[in-house]
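Text of the file data31.pdb, holding PDB, C-alpha atoms and all ligand atoms:
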```pdb
ATOM      1  CA  MET L  26      97.534 -70.306 130.072
ATOM      2  CA  ALA L  27      96.365 -67.891 127.428
ATOM      3  CA  LEU L  28      92.938 -66.414 127.871
ATOM      4  CA  LEU L  29      91.939 -67.293 124.370
ATOM      5  CA  ILE L  30      93.017 -69.986 121.999
ATOM      6  CA  GLY L  31      92.479 -69.120 118.381
ATOM      7  CA  ALA L  32      93.258 -66.301 116.053
ATOM      8  CA  GLN L  33      89.894 -65.138 114.825
ATOM      9  CA  ALA L  34      88.717 -61.876 116.305
ATOM     10  CA  CYS L  35      90.659 -62.527 119.457
ATOM     11  CA  THR L  36      93.768 -60.455 119.036
ATOM     12  CA  SER L  37      92.581 -57.377 120.901
ATOM     13  CA  LEU L  38      92.071 -59.151 124.206
ATOM     14  CA  PRO L  39      94.816 -58.994 126.807
ATOM     15  CA  ASP L  40      96.492 -62.065 128.193
ATOM     16  CA  GLN L  41      94.762 -62.973 131.456
ATOM     17  CA  GLY L  42      96.621 -65.929 132.844
ATOM     18  CA  PRO L  43      96.172 -67.398 136.293
ATOM     19  CA  ARG L  44      96.711 -64.993 139.150
ATOM     20  CA  PRO L  45      96.978 -67.008 142.348
ATOM     21  CA  GLY L  46      95.156 -65.451 145.228
ATOM     22  CA  GLU L  47      92.553 -63.611 143.210
ATOM     23  CA  SER L  48      89.097 -63.802 144.673
ATOM     24  CA  PRO L  49      86.672 -66.322 143.170
ATOM     25  CA  ASP L  50      84.144 -63.692 142.187
ATOM     26  CA  GLU L  51      86.568 -61.216 140.587
ATOM     27  CA  LEU L  52      85.698 -60.688 136.929
ATOM     28  CA  LEU L  53      88.593 -61.190 134.534
ATOM     29  CA  VAL L  54      86.822 -60.182 131.326
ATOM     30  CA  ASP L  55      83.879 -58.076 130.210
ATOM     31  CA  LEU L  56      81.383 -60.425 128.585
ATOM     32  CA  ALA L  57      79.745 -57.592 126.688
ATOM     33  CA  SER L  58      82.938 -56.890 124.773
ATOM     34  CA  ILE L  59      84.270 -60.380 124.091
ATOM     35  CA  HIS L  60      84.681 -61.285 120.442
ATOM     36  CA  TRP L  61      83.769 -64.920 120.129
ATOM     37  CA  ILE L  62      85.051 -67.035 117.315
ATOM     38  CA  HIS L  63      82.286 -66.848 114.747
ATOM     39  CA  GLY L  64      83.332 -69.074 111.870
ATOM     40  CA  ALA L  65      84.813 -68.118 108.529
ATOM     41  CA  GLN L  66      83.744 -67.389 104.982
ATOM     42  CA  ASP L  67      85.832 -70.342 103.835
ATOM     43  CA  CYS L  68      85.797 -73.014 106.514
ATOM     44  CA  ASP L  69      87.778 -75.480 104.410
ATOM     45  CA  ALA L  70      90.646 -73.001 104.373
ATOM     46  CA  ALA L  71      90.127 -72.044 108.021
ATOM     47  CA  ARG L  72      90.341 -75.631 109.212
ATOM     48  CA  ILE L  73      93.796 -76.170 107.712
ATOM     49  CA  ASP L  74      95.122 -72.868 109.025
ATOM     50  CA  PRO L  75      97.803 -73.546 111.682
ATOM     51  CA  GLU L  76      95.995 -71.078 113.950
ATOM     52  CA  TYR L  77      92.670 -72.927 113.688
ATOM     53  CA  THR L  78      91.176 -74.007 116.973
ATOM     54  CA  GLU L  79      88.122 -76.093 117.654
ATOM     55  CA  TRP L  80      87.323 -74.442 120.994
ATOM     56  CA  GLN L  81      87.698 -70.875 122.159
ATOM     57  CA  GLN L  82      88.282 -70.662 125.877
ATOM     58  CA  VAL L  83      87.457 -67.659 128.029
ATOM     59  CA  ARG L  84      88.299 -67.444 131.701
ATOM     60  CA  TYR L  85      85.503 -65.348 133.168
ATOM     61  CA  GLN L  86      86.531 -65.765 136.802
ATOM     62  CA  VAL L  87      89.325 -67.710 138.412
ATOM     63  CA  ASP L  88      87.180 -70.861 138.518
ATOM     64  CA  THR L  89      84.608 -70.066 135.820
ATOM     65  CA  TYR L  90      85.289 -70.826 132.160
ATOM     66  CA  ILE L  91      83.247 -70.510 128.981
ATOM     67  CA  PHE L  92      84.085 -72.419 125.814
ATOM     68  CA  ARG L  93      82.731 -71.897 122.340
ATOM     69  CA  GLN L  94      82.975 -74.432 119.564
ATOM     70  CA  ASN L  95      84.128 -73.131 116.201
ATOM     71  CA  LYS L  96      81.391 -72.675 113.577
ATOM     72  CA  CYS L  97      83.807 -74.277 111.121
ATOM     73  CA  SER L  98      83.746 -77.363 113.357
ATOM     74  CA  ASN L  99      79.950 -77.407 113.498
ATOM     75  CA  TYR L 100      77.533 -74.647 112.534
ATOM     76  CA  GLU L 101      75.710 -74.954 115.858
ATOM     77  CA  ALA L 102      78.795 -73.498 117.599
ATOM     78  CA  PRO L 103      77.498 -74.228 121.100
ATOM     79  CA  PHE L 104      78.791 -72.664 124.290
ATOM     80  CA  VAL L 105      79.953 -74.904 127.130
ATOM     81  CA  TYR L 106      80.416 -73.905 130.774
ATOM     82  CA  LEU L 107      82.966 -75.131 133.321
ATOM     83  CA  LEU L 108      82.326 -74.282 136.991
ATOM     84  CA  ILE L 109      84.962 -75.399 139.482
ATOM     85  CA  GLY L 110      84.378 -75.824 143.205
ATOM     86  CA  THR L 111      86.740 -76.870 145.971
ATOM     87  CA  ASP L 112      85.578 -80.501 145.817
ATOM     88  CA  ARG L 113      84.541 -81.092 142.231
ATOM     89  CA  ALA L 114      83.931 -79.414 138.906
ATOM     90  CA  LEU L 115      80.821 -79.215 136.748
ATOM     91  CA  LEU L 116      80.950 -79.195 132.966
ATOM     92  CA  ILE L 117      77.703 -78.243 131.250
ATOM     93  CA  ASP L 118      77.555 -79.838 127.769
ATOM     94  CA  THR L 119      80.233 -81.441 125.607
ATOM     95  CA  GLY L 120      79.848 -79.968 122.139
ATOM     96  CA  ALA L 121      78.335 -80.759 118.774
ATOM     97  CA  THR L 122      80.771 -83.310 117.333
ATOM     98  CA  ILE L 123      82.241 -86.578 118.537
ATOM     99  CA  GLU L 124      85.766 -85.449 117.665
ATOM    100  CA  SER L 125      85.478 -82.182 119.570
ATOM    101  CA  GLY L 126      84.909 -84.068 122.828
ATOM    102  CA  ALA L 127      88.547 -85.097 123.016
ATOM    103  CA  SER L 128      89.892 -81.582 122.555
ATOM    104  CA  LEU L 129      87.384 -80.222 125.078
ATOM    105  CA  LEU L 130      88.419 -82.894 127.567
ATOM    106  CA  GLY L 131      92.055 -81.943 127.041
ATOM    107  CA  ALA L 132      91.290 -78.283 127.650
ATOM    108  CA  VAL L 133      89.295 -79.062 130.798
ATOM    109  CA  ARG L 134      92.031 -81.298 132.195
ATOM    110  CA  ASP L 135      94.618 -78.589 131.518
ATOM    111  CA  ILE L 136      92.516 -76.395 133.825
ATOM    112  CA  THR L 137      91.546 -78.810 136.594
ATOM    113  CA  ASP L 138      92.118 -82.407 137.650
ATOM    114  CA  ALA L 139      89.203 -82.244 140.105
ATOM    115  CA  PRO L 140      86.511 -84.931 139.984
ATOM    116  CA  LEU L 141      84.321 -83.902 137.082
ATOM    117  CA  ILE L 142      80.551 -84.079 136.697
ATOM    118  CA  VAL L 143      79.534 -83.776 133.060
ATOM    119  CA  ALA L 144      75.939 -82.578 132.900
ATOM    120  CA  HIS L 145      73.878 -81.311 129.979
ATOM    121  CA  SER L 146      71.643 -78.349 129.446
ATOM    122  CA  HIS L 147      69.530 -80.899 127.550
ATOM    123  CA  GLY L 148      69.919 -84.003 125.467
ATOM    124  CA  HIS L 149      70.118 -82.645 121.920
ATOM    125  CA  GLY L 150      73.088 -83.869 119.956
ATOM    126  CA  ASP L 151      74.718 -80.469 119.522
ATOM    127  CA  HIS L 152      75.274 -80.461 123.301
ATOM    128  CA  THR L 153      76.094 -84.119 123.907
ATOM    129  CA  GLN L 154      78.111 -85.427 120.954
ATOM    130  CA  GLY L 155      81.366 -85.028 122.857
ATOM    131  CA  ASP L 156      80.178 -87.228 125.742
ATOM    132  CA  GLY L 157      82.158 -90.275 124.651
ATOM    133  CA  ALA L 158      85.517 -88.713 125.422
ATOM    134  CA  PHE L 159      84.372 -87.955 128.970
ATOM    135  CA  SER L 160      82.678 -91.333 129.536
ATOM    136  CA  SER L 161      86.005 -93.052 129.078
ATOM    137  CA  ALA L 162      88.013 -90.459 131.036
ATOM    138  CA  ASP L 163      89.362 -90.939 134.541
ATOM    139  CA  ASN L 164      87.700 -89.178 137.451
ATOM    140  CA  ALA L 165      84.672 -88.081 135.439
ATOM    141  CA  VAL L 166      81.009 -89.083 135.474
ATOM    142  CA  VAL L 167      78.648 -88.269 132.633
ATOM    143  CA  VAL L 168      74.992 -87.689 133.493
ATOM    144  CA  GLY L 169      72.690 -89.828 131.342
ATOM    145  CA  LEU L 170      70.283 -88.399 128.793
ATOM    146  CA  GLY L 171      66.519 -88.211 129.173
ATOM    147  CA  ALA L 172      64.398 -86.729 131.937
ATOM    148  CA  ASP L 173      64.409 -89.933 134.025
ATOM    149  CA  ALA L 174      68.190 -90.140 134.097
ATOM    150  CA  VAL L 175      68.535 -86.429 134.882
ATOM    151  CA  GLN L 176      66.013 -86.637 137.733
ATOM    152  CA  GLU L 177      67.695 -89.676 139.223
ATOM    153  CA  PHE L 178      71.240 -88.326 139.021
ATOM    154  CA  PHE L 179      70.533 -84.968 140.600
ATOM    155  CA  GLY L 180      67.795 -86.138 142.966
ATOM    156  CA  PHE L 181      64.929 -84.013 141.679
ATOM    157  CA  GLU L 182      61.961 -84.922 143.877
ATOM    158  CA  ASN L 183      59.128 -83.089 142.146
ATOM    159  CA  TRP L 184      60.023 -82.778 138.459
ATOM    160  CA  PRO L 185      59.488 -80.356 136.811
ATOM    161  CA  ASN L 186      58.147 -78.088 139.548
ATOM    162  CA  ASP L 187      60.896 -77.965 142.159
ATOM    163  CA  PRO L 188      64.599 -77.144 141.875
ATOM    164  CA  THR L 189      67.392 -79.155 143.438
ATOM    165  CA  GLN L 190      70.997 -78.394 144.348
ATOM    166  CA  LEU L 191      74.443 -79.661 143.491
ATOM    167  CA  GLU L 192      77.323 -78.876 145.875
ATOM    168  CA  LEU L 193      80.691 -78.412 144.168
ATOM    169  CA  GLY L 194      82.467 -77.270 147.353
ATOM    170  CA  ASP L 195      81.999 -73.632 148.396
ATOM    171  CA  ARG L 196      79.848 -73.383 145.297
ATOM    172  CA  ARG L 197      76.294 -74.683 145.460
ATOM    173  CA  ILE L 198      74.651 -74.834 142.058
ATOM    174  CA  GLU L 199      70.863 -74.730 141.835
ATOM    175  CA  LEU L 200      69.153 -76.660 139.044
ATOM    176  CA  LEU L 201      65.635 -76.086 137.731
ATOM    177  CA  PRO L 202      63.718 -78.286 135.294
ATOM    178  CA  ILE L 203      62.653 -76.296 132.228
ATOM    179  CA  PRO L 204      61.261 -78.810 129.691
ATOM    180  CA  GLY L 205      59.654 -77.498 126.516
ATOM    181  CA  HIS L 206      62.495 -77.009 124.065
ATOM    182  CA  GLU L 207      63.327 -80.599 125.003
ATOM    183  CA  ASP L 208      62.033 -82.972 127.686
ATOM    184  CA  ASP L 209      65.159 -83.150 129.847
ATOM    185  CA  HIS L 210      66.151 -79.475 129.747
ATOM    186  CA  ILE L 211      67.399 -77.921 132.992
ATOM    187  CA  ALA L 212      68.620 -74.452 133.954
ATOM    188  CA  PHE L 213      71.574 -73.830 136.269
ATOM    189  CA  TYR L 214      72.073 -70.989 138.730
ATOM    190  CA  ASP L 215      75.632 -70.432 139.918
ATOM    191  CA  PRO L 216      76.056 -68.037 142.860
ATOM    192  CA  THR L 217      79.744 -67.424 142.124
ATOM    193  CA  SER L 218      79.366 -66.151 138.569
ATOM    194  CA  GLN L 219      75.755 -65.166 139.126
ATOM    195  CA  PHE L 220      75.000 -66.837 135.820
ATOM    196  CA  ALA L 221      71.564 -68.236 135.117
ATOM    197  CA  ILE L 222      72.458 -70.744 132.406
ATOM    198  CA  THR L 223      69.379 -71.337 130.283
ATOM    199  CA  GLY L 224      70.747 -73.472 127.433
ATOM    200  CA  ASP L 225      68.573 -73.648 124.343
ATOM    201  CA  THR L 226      65.492 -72.494 126.261
ATOM    202  CA  LEU L 227      66.623 -68.869 126.154
ATOM    203  CA  TYR L 228      69.566 -67.544 124.154
ATOM    204  CA  PRO L 229      70.036 -64.838 121.504
ATOM    205  CA  GLY L 230      68.533 -66.834 118.658
ATOM    206  CA  ARG L 231      65.606 -68.950 117.572
ATOM    207  CA  LEU L 232      63.944 -70.507 120.593
ATOM    208  CA  TYR L 233      62.629 -73.734 119.115
ATOM    209  CA  VAL L 234      59.660 -74.893 121.166
ATOM    210  CA  GLY L 235      58.959 -78.618 121.026
ATOM    211  CA  ASP L 236      56.138 -78.725 123.574
ATOM    212  CA  TRP L 237      54.306 -75.429 123.858
ATOM    213  CA  ASP L 238      52.518 -75.987 127.176
ATOM    214  CA  ASP L 239      55.659 -77.302 128.839
ATOM    215  CA  PHE L 240      57.655 -74.357 127.493
ATOM    216  CA  CYS L 241      55.172 -71.752 128.785
ATOM    217  CA  ALA L 242      55.101 -73.417 132.203
ATOM    218  CA  SER L 243      58.898 -73.587 132.270
ATOM    219  CA  ILE L 244      59.345 -69.910 131.411
ATOM    220  CA  ALA L 245      56.857 -68.997 134.145
ATOM    221  CA  ARG L 246      58.822 -71.196 136.570
ATOM    222  CA  LEU L 247      62.118 -69.713 135.406
ATOM    223  CA  ASN L 248      60.783 -66.180 135.783
ATOM    224  CA  GLU L 249      59.706 -66.837 139.352
ATOM    225  CA  TRP L 250      62.911 -68.730 140.174
ATOM    226  CA  ILE L 251      65.202 -65.833 139.328
ATOM    227  CA  GLN L 252      63.203 -63.130 141.104
ATOM    228  CA  ASN L 253      65.118 -63.251 144.378
ATOM    229  CA  LYS L 254      68.496 -64.257 143.002
ATOM    230  CA  PRO L 255      71.334 -61.928 142.069
ATOM    231  CA  VAL L 256      71.666 -62.670 138.354
ATOM    232  CA  ALA L 257      74.458 -60.920 136.479
ATOM    233  CA  TYR L 258      73.739 -62.565 133.147
ATOM    234  CA  VAL L 259      71.353 -65.020 131.575
ATOM    235  CA  MET L 260      73.606 -67.282 129.557
ATOM    236  CA  GLY L 261      72.481 -69.456 126.680
ATOM    237  CA  THR L 262      74.233 -71.984 124.500
ATOM    238  CA  HIS L 263      74.107 -70.470 120.990
ATOM    239  CA  ILE L 264      74.133 -67.127 119.199
ATOM    240  CA  GLU L 265      71.968 -66.895 116.085
ATOM    241  CA  MET L 266      71.036 -63.199 116.142
ATOM    242  CA  THR L 267      72.932 -60.443 114.396
ATOM    243  CA  ALA L 268      73.706 -57.268 116.326
ATOM    244  CA  ALA L 269      70.564 -55.762 114.755
ATOM    245  CA  PRO L 270      67.308 -56.343 116.662
ATOM    246  CA  ASP L 271      65.044 -59.074 115.246
ATOM    247  CA  VAL L 272      67.545 -60.047 112.540
ATOM    248  CA  ASP L 273      68.874 -63.609 112.731
ATOM    249  CA  TYR L 274      71.478 -65.350 110.639
ATOM    250  CA  PRO L 275      70.273 -68.033 108.234
ATOM    251  CA  MET L 276      69.973 -71.498 109.712
ATOM    252  CA  GLY L 277      73.142 -73.477 109.257
ATOM    253  CA  THR L 278      75.400 -70.524 108.578
ATOM    254  CA  THR L 279      79.089 -71.020 109.413
ATOM    255  CA  TYR L 280      80.026 -67.340 109.397
ATOM    256  CA  GLN L 281      78.559 -64.738 111.751
ATOM    257  CA  PRO L 282      80.845 -61.692 111.604
ATOM    258  CA  ASN L 283      78.340 -59.322 113.229
ATOM    259  CA  GLU L 284      76.638 -61.504 115.775
ATOM    260  CA  ARG L 285      74.919 -60.257 118.913
ATOM    261  CA  TYR L 286      76.756 -60.592 122.173
ATOM    262  CA  LEU L 287      75.935 -63.642 124.236
ATOM    263  CA  PRO L 288      74.475 -62.474 127.561
ATOM    264  CA  LEU L 289      70.799 -61.833 128.088
ATOM    265  CA  SER L 290      69.233 -60.470 131.273
ATOM    266  CA  THR L 291      66.477 -61.307 133.713
ATOM    267  CA  ALA L 292      64.409 -58.636 131.970
ATOM    268  CA  ASP L 293      64.509 -60.868 128.878
ATOM    269  CA  ILE L 294      63.100 -63.779 130.901
ATOM    270  CA  THR L 295      60.315 -61.572 132.199
ATOM    271  CA  ALA L 296      59.594 -60.167 128.722
ATOM    272  CA  LEU L 297      59.406 -63.685 127.318
ATOM    273  CA  HIS L 298      57.086 -64.782 130.115
ATOM    274  CA  GLU L 299      54.791 -61.779 129.670
ATOM    275  CA  THR L 300      54.663 -62.391 125.924
ATOM    276  CA  LEU L 301      53.768 -66.042 126.339
ATOM    277  CA  VAL L 302      50.952 -65.464 128.819
ATOM    278  CA  THR L 303      49.212 -63.115 126.393
ATOM    279  CA  MET L 304      49.668 -65.341 123.330
ATOM    280  CA  GLU L 305      46.450 -67.161 122.521
ATOM    281  CA  VAL L 306      47.973 -69.585 120.035
ATOM    282  CA  PRO L 307      51.608 -70.506 119.452
ATOM    283  CA  LYS L 308      53.098 -68.238 116.837
ATOM    284  CA  ARG L 309      56.523 -67.120 115.732
ATOM    285  CA  THR L 310      57.296 -63.934 117.641
ATOM    286  CA  TYR L 311      60.242 -61.558 117.369
ATOM    287  CA  LEU L 312      61.371 -60.009 120.652
ATOM    288  CA  GLY L 313      64.472 -58.124 119.569
ATOM    289  CA  SER L 314      67.208 -60.294 121.058
ATOM    290  CA  PHE L 315      65.509 -63.632 120.371
ATOM    291  CA  ILE L 316      62.676 -65.247 118.448
ATOM    292  CA  VAL L 317      60.011 -67.571 119.849
ATOM    293  CA  TRP L 318      59.801 -70.343 117.260
ATOM    294  CA  PRO L 319      57.063 -72.961 117.852
ATOM    295  CA  LEU L 320      57.654 -76.286 116.118
ATOM    296  CA  GLN L 321      54.122 -77.558 116.682
TER
HETATM  297 ZN    ZN R 401      68.432 -78.037 121.683
HETATM  298 ZN    ZN R 402      71.419 -76.437 120.741
END
```
Could you render the structure from this file as structure tokens?
Amino acid sequence: MALLIGAQACTSLPDQGPRPGESPDELLVDLASIHWIHGAQDCDAARIDPEYTEWQQVRYQVDTYIFRQNKCSNYEAPFVYLLIGTDRALLIDTGATIESGASLLGAVRDITDAPLIVAHSHGHGDHTQGDGAFSSADNAVVVGLGADAVQEFFGFENWPNDPTQLELGDRRIELLPIPGHEDDHIAFYDPTSQFAITGDTLYPGRLYVGDWDDFCASIARLNEWIQNKPVAYVMGTHIEMTAAPDVDYPMGTTYQPNERYLPLSTADITALHETLVTMEVPKRTYLGSFIVWPLQ
């Protein structure tokens, strides 16, 4: 299997097909240097190009995959994560369009036929529109939307204060409630990739805050949660920043030729937390790699 599907900005990467026997934590790519598909100036033309692809697929480790939806498919261009254990696999999010769910499902099933849990970073449509394809698929269960359904499925006992765990088989994922951007938002910690996956709560872009108090409490909780964990990267679900500090692309843009790279760090979580605790009233705040953007 090719490392990347798609022609845009992907030609410089080497082919990194399966290598049986490689260790689960061996890194196959450098996330800081990956060129993600980032849309096109003319999406109408791009979509009819024979090389057009709806999803870019990057194999980060032997059992860790990252997908990005094409900005010409939907301007939100969310990232989706696939984490595979020895017993089951976890897919985090399903994309921003109904149609893209089928192609994502096909890509996932080309990788693994393991029992599949389809979870969500949170319930917003740009992360759940592809659910239908998975709901009707064999050997897959889709976690319901809304905080009640999320709590029940994963067995959270003290939402939103305490984390819970999900065993994939030699890969125990930890999940932490982080409402604020949205009521049912959760973060994932994966010990194999050492990713802290923070969804729309923290990513290089505009951090839309729906409930300010919940958001501040969640960032404090997140900051404490990651203190004693080895975290390689803090991984979000969009890129909206340019490579220049504090400069974001316009909302709704379908072409981001100079976007910032995806990973953030635990220092970004701490910086966000320290900013929030000193902020007397919610206000739009630029922090270089992301922007706090209260909606209230
Ligand atoms: Zn969202
Ligand atoms: Zn989103």
Exercise for the section: For the structure provided, state which residues fall under the PyMOL selection byres (((chain L and resi 251-255) around 9) and not hetatm), and present them as a PyMOL selection string. Expected result: chain L and resi 214+216+219-221+246-250+256-257+291+294
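Compared by their closest atoms to Gln154 of chain L, and using only C-alpha atoms, the residues L:Ala174, L:Val166, L:Ile123, L:Ala139 rank with L:Ile123 nearest.
The space separating atom CA of Tyr286 of chain L from atom CA of Gln66 of chain L comes to 19.8 Å.
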Handout entry: From L:Asn283, L:Ser160, L:Gln321, L:Ser146, residue lying nearest ligand ZN 401 (chain R) [all atoms listed in the file]
Key = L:Ser146
How big is the axis-aligned box, and where does its centre sit, when it encloses all atoms of segment 138-141 of chain L listed in the file and has 5 Å added on every side, reported in Å to one decimal as JSON?
```
{"center_x": 88.2, "center_y": -83.6, "center_z": 138.6, "size_x": 17.8, "size_y": 12.7, "size_z": 13.0}
```
Exercise for the section: Please identify the residues whose atoms come within 7 Å of ligand ZN 401 (chain R), using all atoms listed in the file, and report them as a VMD selection string. Expected result: chain L and resid 147 149 206 to 207 225
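Here atom CA of Trp61 of chain L is placed at a distance of 18.0 Å from atom CA of Asp151 of chain L.
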Considering all atoms listed in the file, tabulate each residue of chain L that lies at most 8 Å from ligand ZN 402 (chain R) along with its nearest interatomic pair and the corresponding distance in Å to one decimal; arrange the rows by chain and ascending residue number and present them as CSV.
```
residue,atom,partner,partner_atom,distance
L:Glu101,CA,R:ZN402,ZN,6.7
L:Pro103,CA,R:ZN402,ZN,6.5
L:His149,CA,R:ZN402,ZN,6.5
L:Gly150,CA,R:ZN402,ZN,7.7
L:Asp151,CA,R:ZN402,ZN,5.4
L:His152,CA,R:ZN402,ZN,6.1
L:Gly224,CA,R:ZN402,ZN,7.4
L:Asp225,CA,R:ZN402,ZN,5.4
L:Thr262,CA,R:ZN402,ZN,6.5
L:His263,CA,R:ZN402,ZN,6.5
```
Store the residues picked out above in a file with C-alpha atoms, as an mmCIF file, in the coordinates of the input.
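File written: again10.cif
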```
data_model
loop_
_atom_site.group_PDB
_atom_site.id
_atom_site.type_symbol
_atom_site.label_atom_id
_atom_site.label_comp_id
_atom_site.auth_asym_id
_atom_site.auth_seq_id
_atom_site.Cartn_x
_atom_site.Cartn_y
_atom_site.Cartn_z
ATOM 1 C CA GLU L 101 75.710 -74.954 115.858
ATOM 2 C CA PRO L 103 77.498 -74.228 121.100
ATOM 3 C CA HIS L 149 70.118 -82.645 121.920
ATOM 4 C CA GLY L 150 73.088 -83.869 119.956
ATOM 5 C CA ASP L 151 74.718 -80.469 119.522
ATOM 6 C CA HIS L 152 75.274 -80.461 123.301
ATOM 7 C CA GLY L 224 70.747 -73.472 127.433
ATOM 8 C CA ASP L 225 68.573 -73.648 124.343
ATOM 9 C CA THR L 262 74.233 -71.984 124.500
ATOM 10 C CA HIS L 263 74.107 -70.470 120.990
#
```
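Here the question is which of L:Leu130, L:Val175, L:Leu227, L:Val54 gets nearest to Asp163 of chain L using only C-alpha atoms, and that residue is L:Leu130.
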Exercise for the section: Return as a PyMOL selection string the set of residues that the PyMOL selection byres (((chain L and resi 156) around 12) and not hetatm) yields on the displayed structure. Expected result: chain L and resi 116-130+142-145+148-155+157-162+165-170
Problem - Answer key for the PyMOL selection byres (((chain L and resi 213) around 8) and not hetatm), residues as a PyMOL selection string - result: chain L and resi 198-201+211-212+214-215+220-223
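Taking atom CA of Ile73 of chain L and atom CA of Val105 of chain L as endpoints, the distance between them is 23.9 Å.
Minimum distance to Gln86 of chain L across L:Gln190, L:Ser48, L:Thr111, L:Thr303 (counting all atoms listed in the file) occurs at L:Ser48.
Using all atoms listed in the file, the smallest distance between any of L:Pro202, L:His210, L:Asp55, L:Ile91 and Asn186 of chain L comes from L:Pro202.
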Fill in the blank from the handout: Restricting to all atoms listed in the file, whichever of L:Leu232, L:Ile264, L:Leu53, L:Met276 is closest to Leu312 of chain L is L:Leu232
So that I can check the surroundings of Asp273 of chain L, please list as a PDB file with C-alpha atoms, keeping the file's coordinate frame every protein, DNA and RNA residue that reaches within 12 Å of it, counting all atoms listed in the file and ignoring chain neighbours fewer than 5 positions away.
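After the write, part-v1.pdb holds the following:
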```
ATOM      1  CA  PRO L 229      70.036 -64.838 121.504  1.00  0.00           C
ATOM      2  CA  GLY L 230      68.533 -66.834 118.658  1.00  0.00           C
ATOM      3  CA  ARG L 231      65.606 -68.950 117.572  1.00  0.00           C
ATOM      4  CA  LEU L 232      63.944 -70.507 120.593  1.00  0.00           C
ATOM      5  CA  HIS L 263      74.107 -70.470 120.990  1.00  0.00           C
ATOM      6  CA  ILE L 264      74.133 -67.127 119.199  1.00  0.00           C
ATOM      7  CA  GLU L 265      71.968 -66.895 116.085  1.00  0.00           C
ATOM      8  CA  MET L 266      71.036 -63.199 116.142  1.00  0.00           C
ATOM      9  CA  THR L 267      72.932 -60.443 114.396  1.00  0.00           C
ATOM     10  CA  ALA L 268      73.706 -57.268 116.326  1.00  0.00           C
ATOM     11  CA  THR L 278      75.400 -70.524 108.578  1.00  0.00           C
ATOM     12  CA  GLN L 281      78.559 -64.738 111.751  1.00  0.00           C
ATOM     13  CA  ASN L 283      78.340 -59.322 113.229  1.00  0.00           C
ATOM     14  CA  GLU L 284      76.638 -61.504 115.775  1.00  0.00           C
ATOM     15  CA  ARG L 285      74.919 -60.257 118.913  1.00  0.00           C
ATOM     16  CA  TYR L 311      60.242 -61.558 117.369  1.00  0.00           C
ATOM     17  CA  LEU L 312      61.371 -60.009 120.652  1.00  0.00           C
ATOM     18  CA  GLY L 313      64.472 -58.124 119.569  1.00  0.00           C
ATOM     19  CA  SER L 314      67.208 -60.294 121.058  1.00  0.00           C
ATOM     20  CA  PHE L 315      65.509 -63.632 120.371  1.00  0.00           C
ATOM     21  CA  ILE L 316      62.676 -65.247 118.448  1.00  0.00           C
TER      22      ILE L 316
END
```
Exercise for the section: Identify the residues within 12 Å of coordinate (52.4, -76.0, 127.8) (same frame as the file), considering all atoms listed in the file, and give the answer as JSON, numbers by chain. Expected result: {"L": [203, 204, 205, 206, 208, 234, 235, 236, 237, 238, 239, 240, 241, 242, 243, 244, 245, 246, 301, 302, 304, 305, 306, 307, 319, 321]}
Around (86.1, -69.0, 138.8), as given in the file, which residues come within 10 Å? Count only C-alpha atoms and list them as a PDB file with C-alpha atoms, keeping the file's coordinate frame.
```pdb
ATOM      1  CA  GLU L  47      92.553 -63.611 143.210  1.00  0.00           C
ATOM      2  CA  SER L  48      89.097 -63.802 144.673  1.00  0.00           C
ATOM      3  CA  PRO L  49      86.672 -66.322 143.170  1.00  0.00           C
ATOM      4  CA  ASP L  50      84.144 -63.692 142.187  1.00  0.00           C
ATOM      5  CA  GLU L  51      86.568 -61.216 140.587  1.00  0.00           C
ATOM      6  CA  LEU L  52      85.698 -60.688 136.929  1.00  0.00           C
ATOM      7  CA  LEU L  53      88.593 -61.190 134.534  1.00  0.00           C
ATOM      8  CA  ARG L  84      88.299 -67.444 131.701  1.00  0.00           C
ATOM      9  CA  TYR L  85      85.503 -65.348 133.168  1.00  0.00           C
ATOM     10  CA  GLN L  86      86.531 -65.765 136.802  1.00  0.00           C
ATOM     11  CA  VAL L  87      89.325 -67.710 138.412  1.00  0.00           C
ATOM     12  CA  ASP L  88      87.180 -70.861 138.518  1.00  0.00           C
ATOM     13  CA  THR L  89      84.608 -70.066 135.820  1.00  0.00           C
ATOM     14  CA  TYR L  90      85.289 -70.826 132.160  1.00  0.00           C
ATOM     15  CA  LEU L 107      82.966 -75.131 133.321  1.00  0.00           C
ATOM     16  CA  LEU L 108      82.326 -74.282 136.991  1.00  0.00           C
ATOM     17  CA  ILE L 109      84.962 -75.399 139.482  1.00  0.00           C
ATOM     18  CA  GLY L 110      84.378 -75.824 143.205  1.00  0.00           C
ATOM     19  CA  THR L 217      79.744 -67.424 142.124  1.00  0.00           C
ATOM     20  CA  SER L 218      79.366 -66.151 138.569  1.00  0.00           C
TER      21      SER L 218
END
```
